[in-house]
Every structure is written in C-alpha cells, then in structure tokens.
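J.: Take this structure, written in structure tokens, and hold onto it; I'll ask about it next.
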Amino acid sequence: MRDVVIVSLVLFFGVMALTRPWIGVMLWTWLSIMNPHRYAWGFAVDAPLAAIAAGTTLIGLIYTRDRSSPFKGAATVLLVMLMLWMTLSWLVGLDPATDYEQWKKVMKIDFMIIVALMLLHTKEHILALVWVAAGSMALLGVKGGVYTLVGGGTGRVWGPPGSFIADNNEFALALIMTIPLLRFLQQQLTNKWGGWAMTGAMLLCAIAALGSYSRGALIAIAAMTLSFWWRGKNKLLIGIVLVAASFALIGFMPENWMGRMNSIVDYEQDQSAMGRISAWWNAWNIGLNRPFGVGFDAARPELFAQYSPYPNMIHAAHSIYFQILGNHGFVGLFLFLGIWLMTWRSAGWLRINAKDIPQARWCAELGAMCQVSLIGYLVGGAFLSLAYFDLPFDVMVAVVLAKKWVEARAWEREPVYQPGWKTIPGLSRPVPSA
C-alpha cells in the first residue's frame with residue numbers, strides 16, 4: 001500500500017509538472033531530500049521516481065514561457081563554474097569509470113538546482129520551496145525525535161537508506177540545518193496551533209539530532225544555538241530558555257551518549273577521530289600535489305600511502321572542506337567556499353534591506369534564518385562529508401530568488417495573501433493588490 005501511495009503521488013504531480021513545471025521542482029525536492037521511496041517495501045524502492053520527476057519537469061520547462069535565466073546572482077555563476085570544474089576533475093582523475101556514477105549523481109542534483117532557478121520566481125514559489133525542503137526533513141526529524149524519546153535515547157537515529165544522509169552523522173547535520181528554516185516558516189504563520197506545532201517539530205528535530213550520537217552535530221547545534229541567541233532581541237530571556245532547554249535535552253540522554261560526546265576531548269584515543277585526521281592530511285597533500293584533485297574518491301589506499309602520515313588509517317574525509325579539496329583540488333574548494341560566501345552576503349543583504357519594507361519583511365526573516373542554517377552547515381560540515389547534498393543548495397536558491405524578488409519590487413504586481421496558513425500554496429486566498 002505504501003508503494004502504491006508514493007508512486008501515485010509521483011505520477012500525479014509529474015503530470016501536473018508538464019504544464020506547471022515549478023511543481024516538478026517541488027516533486028524533485030521532496031524525493032531527493034526525504035527519499036520517501038526508501039521507506040517503502042516493494043516496487044517503489046527501486047522505481048525511477050526521481051527520473052520521472054526530472055523528466056516531466058524538463059518537458060514542462062521546454063514548453064513553458066514562465067522561465068528566466070538562472071544567473072540571478074554570483075552564487076549561481078560560481079555553482080556553474082564548480083560543476084564545470086568537477087567535471088574536468090572527474091575526467092582527469094584517477095578512475096573516471098569508477099567515479100562515473102557519483103559524478104552523474106552530483107550533476108543531476110546541481111542541474112536541477114539550475115532548473116529551479118529558471119522556474120521559480122514568485123513569493124509563492126520561494127515559500128513552497130522552503131516548505132517542501134524543510135518539511136521533508138522535519139517529517140524525518142519528528143519520527144527520529146519520537147523514537148529517541150520513546151527509547152530513552154538508547155537507540156541511534158539514522159537517515160533514509162541509500163541517500164546522502166543515510167549515515168547518522170550526515171542526517172543529524174541535515175536536521176540541524178532544518179531547524180532555522182522551520183523557525184522562518186513559523187514566523188510566517190498567524191495560526192496559533194500551527195505555531196505550536198512548528199515549535200514541537202523544531203524540538204523533535206533537535207532531539208533526533210542528539211539521538212544520532214553525532215559529535216559533529218553537537219558542535220553544529222551549539223554554534224547554531226549561539227547564533228539564535230545573538231540574533232534574538234531579548235538576549236537575556238532567549239539565553240535562559242536556550243540554556244534550560246539544552247540542559248534538559250542533554251540531561252535526558254543516557255550515559256553512553258555522554259561517553260561518546262566526551263571523546264571529542266580525547267580524540268587521540270578515538271580511532272574514528274584519528275581516521276578523520278588521517279583523511280584530512282591526505283586531502284591537504286592531494287591539494288598541494290594534484291591541482292585537479294583525484295575525482296570523486298580520495299579514500300584510496302594508494303593515496304593514503306603516499307599522502308597521509310597515518311597510511312593505515314584509510315577514512316572518508318568527513319569534512320565538506322577536505323572532501324572537496326581532496327576530490328577537486330584548491331580551485332574546487334575556492335569555488336565551493338565562494339558559493340556560500342555569496343549566499344551569506346545575499347542573505348545579509350535581505351536581512352538589512354528588506355526589514356523596513358512591510359511587503360518584503362518575510363525576506364528579511366528568510367535571510368536571517370538562512371544565515372543561521374548556513375552556520376550549522378559550515379560548522380558541522382567541518383566534521384562531516386556532506387558537500388554534495390541538496391539542502392544547502394536549496395537554501396542558496398531561496399536566498400538568491402528572494403533577493404531578486406526584493407530588487408524587482410515584485411510585491412507591486414503579485415497578489416497579496418490573506419493571513420492564516422499564508423505560506424502554504426493552495427491553502428491561502430489571494431486578494432488583488434492595492
């Protein structure tokens with residue numbers, strides 16, 4: 001039954017995407033982030049659902065007139081440059097044939113990000129993207145949070161099987177990135193019960209992140225919490241609430257969780273931590289000696305033997321920075337960092353320039369929360385291999401589109417939405433602009 005429901009939804013929205021391709025972008029986002037088919041038990045698990053979403057969206061893109069250039073900001077230009085550089089890095093890498101599947105997977109994700117930038121442009125589109133991206137992760141986070149509470153924190157939370165975030169560490173970081181996006185969505189709601197539901201979802205996502213037993217996630221959530229406090233207006237009250245909530249959540253976790261978190265300090269005695277250090281040395285020396293990197297897999301025994309001071313500790317980079325550096329060299333790393341620097345600047349521009357415009361205040365709130373989300377990603381990502389995951393790039397898309405929306409004063413020609421569940425497309429009623 002689960003398989004039938006998932007496939008039926010994909011086919012239904014795929015047909016809609018033929019005439020309204022922006023819906024296909026939402027379908028792709030849902031499938032690529034949540035991976036609902038990975039929780040099915042039958043034919044849906046291996047069905048080409050993502051291909052259906054992408055194919056119908058591209059057909060709609062060809063025939064629609066409601067599209068524009070994707071080059072809406074410096075971050076977009078840098079993304080395209082990174083795609084070209086990664087392709088070159090793959091072609092001149094150590095084993096293009098073996099790396100082909102990973103190259104294809106990464107290019108599909110980045111290509112659909114470009115498609116999203118071509119098809120999305122209205123307030124409704126931007127908010128729908130945030131709802132789908134954050135909502136997909138929130139559903140998984142609520143499930144993981146309930147599991148952690150019911151089990152007393154003894155079981156470990158994992159992400160969707162076979163996805164970028166299947167591992168507990170990567171899943172936790174994705175949840176941490178989601179919490180600020182949920183806060184942004186909560187700010188758009190005027191329904192009291194909706195606001196409480198969003199608070200519950202944020203708490204359960206935080207509990208699920210702790211329940212992953214990820215040490216990198218603990219550091220990321222601490223950085224994000226500090227950012228929340230810094231951005232708040234009433235710092236004393238917010239500080240008291242955040243400290244109390246932190247002690248309550250950490251105090252709930254069992255003793256073995258505390259033991260794992262304490263290993264952050266005693267990293268020399270931890271094989272996993274030392275394996276990461278070995279991988280970082282490997283990536284650093286690859287970057288110094290191989291301008292194009294090695295392709296999409298730097299965790300090779302022959303590379304560790306040549307470039308790591310711990311040649312027997314062969315380990316994935318577990319760092320977005322060293323992952324890109326080892327795979328694509330310093331040029332790839334600079335392009336990657338440039339994307340997030342430009343996204344951060346655009347989000348800051350929104351926070352400053354849209355706050356005094358009543359019709360665009362939601363863009364200021366989006367910019368602020370996207371910056372908090374990026375803090376979680378950039379801090380937690382220092383310890384996790386999540387450089388190619390969709391969600392950070394969806395944040396980039398939302399920021400770039402919102403900045404373009406404000407610059408174009410788009411509220412002067414778009415309909416105004418009645419209060420209520422005003423950010424959910426289809427549940428809000430537009431009224432003519434004055």
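The way I read the labels, and the way they are meant: chains A, B, ... in the order of the structure tokens, residue 1 as the first residue of every chain, and ligand 1 as the first ligand shown, with later ones counted on from there.
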May I have a table of the residues of region 294-409 of chain A lying at most 12 Å from region 171-192 of chain A, giving each one's closest pair of atoms and their distance in Å to one decimal, counting only C-alpha atoms, ordered by chain and ascending residue number, as JSON lines?
T.:
```
{"residue": "A:His318", "atom": "CA", "partner": "A:Leu173", "partner_atom": "CA", "distance": 11.9}
{"residue": "A:Ser319", "atom": "CA", "partner": "A:Leu173", "partner_atom": "CA", "distance": 11.8}
{"residue": "A:Ile320", "atom": "CA", "partner": "A:Leu173", "partner_atom": "CA", "distance": 11.7}
{"residue": "A:Ala360", "atom": "CA", "partner": "A:Gln188", "partner_atom": "CA", "distance": 11.8}
{"residue": "A:Arg361", "atom": "CA", "partner": "A:Gln188", "partner_atom": "CA", "distance": 10.0}
{"residue": "A:Trp362", "atom": "CA", "partner": "A:Gln188", "partner_atom": "CA", "distance": 7.2}
{"residue": "A:Cys363", "atom": "CA", "partner": "A:Phe184", "partner_atom": "CA", "distance": 9.7}
{"residue": "A:Ala364", "atom": "CA", "partner": "A:Phe184", "partner_atom": "CA", "distance": 9.9}
{"residue": "A:Glu365", "atom": "CA", "partner": "A:Phe184", "partner_atom": "CA", "distance": 6.3}
{"residue": "A:Leu366", "atom": "CA", "partner": "A:Phe184", "partner_atom": "CA", "distance": 6.0}
{"residue": "A:Gly367", "atom": "CA", "partner": "A:Phe184", "partner_atom": "CA", "distance": 9.2}
{"residue": "A:Ala368", "atom": "CA", "partner": "A:Phe184", "partner_atom": "CA", "distance": 8.5}
{"residue": "A:Met369", "atom": "CA", "partner": "A:Pro180", "partner_atom": "CA", "distance": 5.2}
{"residue": "A:Cys370", "atom": "CA", "partner": "A:Leu181", "partner_atom": "CA", "distance": 6.8}
{"residue": "A:Gln371", "atom": "CA", "partner": "A:Pro180", "partner_atom": "CA", "distance": 8.7}
{"residue": "A:Val372", "atom": "CA", "partner": "A:Pro180", "partner_atom": "CA", "distance": 6.3}
{"residue": "A:Ser373", "atom": "CA", "partner": "A:Met177", "partner_atom": "CA", "distance": 4.6}
{"residue": "A:Leu374", "atom": "CA", "partner": "A:Met177", "partner_atom": "CA", "distance": 7.0}
{"residue": "A:Ile375", "atom": "CA", "partner": "A:Met177", "partner_atom": "CA", "distance": 8.3}
{"residue": "A:Gly376", "atom": "CA", "partner": "A:Met177", "partner_atom": "CA", "distance": 5.7}
{"residue": "A:Tyr377", "atom": "CA", "partner": "A:Met177", "partner_atom": "CA", "distance": 6.2}
{"residue": "A:Leu378", "atom": "CA", "partner": "A:Met177", "partner_atom": "CA", "distance": 9.8}
{"residue": "A:Val379", "atom": "CA", "partner": "A:Leu173", "partner_atom": "CA", "distance": 9.6}
{"residue": "A:Gly380", "atom": "CA", "partner": "A:Leu173", "partner_atom": "CA", "distance": 6.4}
{"residue": "A:Gly381", "atom": "CA", "partner": "A:Leu173", "partner_atom": "CA", "distance": 7.5}
{"residue": "A:Ala382", "atom": "CA", "partner": "A:Leu173", "partner_atom": "CA", "distance": 10.7}
{"residue": "A:Phe383", "atom": "CA", "partner": "A:Leu173", "partner_atom": "CA", "distance": 9.8}
{"residue": "A:Leu384", "atom": "CA", "partner": "A:Leu173", "partner_atom": "CA", "distance": 8.1}
{"residue": "A:Ser385", "atom": "CA", "partner": "A:Leu173", "partner_atom": "CA", "distance": 10.2}
{"residue": "A:Leu386", "atom": "CA", "partner": "A:Leu173", "partner_atom": "CA", "distance": 8.7}
{"residue": "A:Ala387", "atom": "CA", "partner": "A:Ala174", "partner_atom": "CA", "distance": 11.6}
{"residue": "A:Phe389", "atom": "CA", "partner": "A:Ala174", "partner_atom": "CA", "distance": 9.0}
{"residue": "A:Asp390", "atom": "CA", "partner": "A:Ala174", "partner_atom": "CA", "distance": 9.8}
{"residue": "A:Leu391", "atom": "CA", "partner": "A:Ala174", "partner_atom": "CA", "distance": 7.4}
{"residue": "A:Pro392", "atom": "CA", "partner": "A:Met177", "partner_atom": "CA", "distance": 8.1}
{"residue": "A:Phe393", "atom": "CA", "partner": "A:Met177", "partner_atom": "CA", "distance": 11.7}
{"residue": "A:Asp394", "atom": "CA", "partner": "A:Leu181", "partner_atom": "CA", "distance": 11.1}
{"residue": "A:Val395", "atom": "CA", "partner": "A:Leu181", "partner_atom": "CA", "distance": 8.8}
{"residue": "A:Ala398", "atom": "CA", "partner": "A:Leu181", "partner_atom": "CA", "distance": 10.7}
{"residue": "A:Val399", "atom": "CA", "partner": "A:Leu181", "partner_atom": "CA", "distance": 11.8}
```
J.: Neighbours of Ser136 (chain A) within 9 Å (only C-alpha atoms; same-chain residues fewer than 3 positions away dropped), as a list of chain:residue names?
T.: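 In the requested form, the answer reads A:Thr29, A:Trp30, A:Leu31, A:Ile33, A:Met34, A:Asn35, A:Pro36, A:Trp131, A:Val132, A:Ala133, A:Leu139, A:Leu140, A:Gly141.
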J.: Could you write out, as an NGL selection string, all the residues of region 178-372 of chain A that DSSP marks as helix (DSSP H, G or I)?
T.: :A and (178-188 or 192-211 or 215-231 or 235-252 or 255-262 or 267-269 or 271-289 or 301-307 or 320-353 or 358-372)
J.: Could you tell me which of A:Leu341, A:Leu335, A:Ala51, A:Val294 comes closest to Leu84 (chain A) if we count only C-alpha atoms?
T.: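 Counting only C-alpha atoms, the residue closest to Leu84 (chain A) is A:Leu335.
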J.: Tell me, as an NGL selection string, which residues lie within 10 Å of region 204-208 of chain A, counting only C-alpha atoms; anything in the same chain fewer than 4 positions away does not count.
T.: :A and (137-149 or 153 or 156-158 or 168 or 171-172 or 174-179 or 182 or 198-200 or 212-213 or 217-218 or 221 or 246 or 249-250 or 252-253)
J.: Now that the selection is made, can you save its residues with C-alpha atoms as a CSV table (one decimal), in the first residue's frame?
T.:
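This is the output file part.csv:
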```csv
chain,number,residue,atom,x,y,z
A,137,MET,CA,13.4,16.9,6.7
A,138,ALA,CA,11.0,17.8,9.5
A,139,LEU,CA,8.9,14.7,9.0
A,140,LEU,CA,12.0,12.6,9.3
A,141,GLY,CA,13.1,14.6,12.3
A,142,VAL,CA,9.8,14.2,14.1
A,143,LYS,CA,9.9,10.5,13.5
A,144,GLY,CA,13.5,10.3,14.8
A,145,GLY,CA,12.7,12.6,17.8
A,146,VAL,CA,9.8,10.4,18.9
A,147,TYR,CA,12.0,7.3,18.5
A,148,THR,CA,14.6,8.9,20.7
A,149,LEU,CA,12.1,9.9,23.4
A,153,GLY,CA,18.0,7.9,23.9
A,156,ARG,CA,20.7,5.6,17.4
A,157,VAL,CA,18.8,7.7,14.7
A,158,TRP,CA,19.6,7.1,11.1
A,168,ASN,CA,23.7,9.1,11.4
A,171,PHE,CA,21.4,13.0,8.9
A,172,ALA,CA,22.0,14.9,12.2
A,174,ALA,CA,20.7,18.0,7.8
A,175,LEU,CA,18.2,18.2,10.8
A,176,ILE,CA,20.2,21.0,12.4
A,177,MET,CA,20.1,23.0,9.1
A,178,THR,CA,16.4,22.4,9.0
A,179,ILE,CA,15.6,23.9,12.5
A,182,LEU,CA,11.3,25.8,10.4
A,198,MET,CA,6.2,24.1,14.5
A,199,THR,CA,7.8,24.6,17.9
A,200,GLY,CA,7.2,20.9,18.6
A,212,SER,CA,22.1,10.3,16.2
A,213,TYR,CA,25.0,10.2,18.6
A,217,ALA,CA,26.2,17.5,15.2
A,218,LEU,CA,26.6,18.5,18.8
A,221,ILE,CA,23.9,22.6,17.1
A,246,SER,CA,20.0,22.5,26.3
A,249,LEU,CA,17.8,17.7,26.4
A,250,ILE,CA,21.4,16.7,27.2
A,252,PHE,CA,17.8,13.2,29.1
A,253,MET,CA,20.4,11.4,27.1
```
J.: What lies within 7 Å of Arg38 (chain A) using only C-alpha atoms, ignoring chain neighbours under 5 positions off, as a short mmCIF file (atom, residue, chain, number, x, y, z; two decimals) with N, CA, C and O atoms, in the first residue's frame?
T.:
```
data_model
loop_
_atom_site.label_atom_id
_atom_site.label_comp_id
_atom_site.auth_asym_id
_atom_site.auth_seq_id
_atom_site.Cartn_x
_atom_site.Cartn_y
_atom_site.Cartn_z
N VAL A 45 10.75 1.04 -4.13
CA VAL A 45 12.12 1.25 -3.63
C VAL A 45 13.09 1.54 -4.77
O VAL A 45 13.91 2.46 -4.69
N PRO A 160 17.45 8.27 5.75
CA PRO A 160 16.87 7.38 4.74
C PRO A 160 17.94 6.47 4.12
O PRO A 160 19.00 6.95 3.71
N PRO A 161 17.69 5.18 4.04
CA PRO A 161 18.69 4.25 3.48
C PRO A 161 19.04 4.61 2.03
O PRO A 161 18.18 5.02 1.24
#
```
J.: Which distance in Å separates CA of Ile357 (chain A) and CA of Lys404 (chain A), to one decimal?
T.: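 For CA of Ile357 (chain A) relative to CA of Lys404 (chain A), the distance reads 14.7 Å.
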J.: What is the distance between CA of Gly155 (chain A) and CA of Leu210 (chain A), in Å to one decimal?
T.: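 Distance between the two atoms: 10.9 Å.
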J.: Identify which of the residues A:Ala410, A:Met396, A:Leu9, A:Leu58 lies closest to Val115 (chain A), counting only C-alpha atoms when measuring atom-to-atom distances.
T.: A:Leu58
J.: One decimal, Å: what's the distance from CA of Trp281 (chain A) over to CA of His315 (chain A), could you say?
T.: 10.9 Å
J.: Using only C-alpha atoms, which protein or nucleic acid residues come within 7 Å of Ile339 (chain A)? Drop anything in the same chain fewer than 2 positions from it, and give the result as a list of chain:residue names.
T.: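 So the residues in contact are A:Ala75, A:Leu78, A:Leu79, A:Leu335, A:Phe336, A:Leu337, A:Leu341, A:Met342, A:Thr343.
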J.: Could you list, as a list in words, every residue within 12 Å of Ile277 (chain A), counting only C-alpha atoms and ignoring same-chain residues fewer than 6 positions away?
T.: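 Residues near the query, excluding close chain neighbours: Tyr267, Glu268, Asp270, Gln271, Ala283, Trp284, Phe304, Ser308, Pro309, Tyr310, Pro311, Met313, Ile314, His315, Ala316, Ala317, His318, Ser319, Phe322, Ala382 and Phe383 of chain A.
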J.: Could you check which of A:Met118, A:Gly73, A:Asp66, A:Gly93 is closest to Glu407 (chain A), using only C-alpha atoms?
T.: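 Of all the options, A:Gly73 lies closest to Glu407 (chain A).
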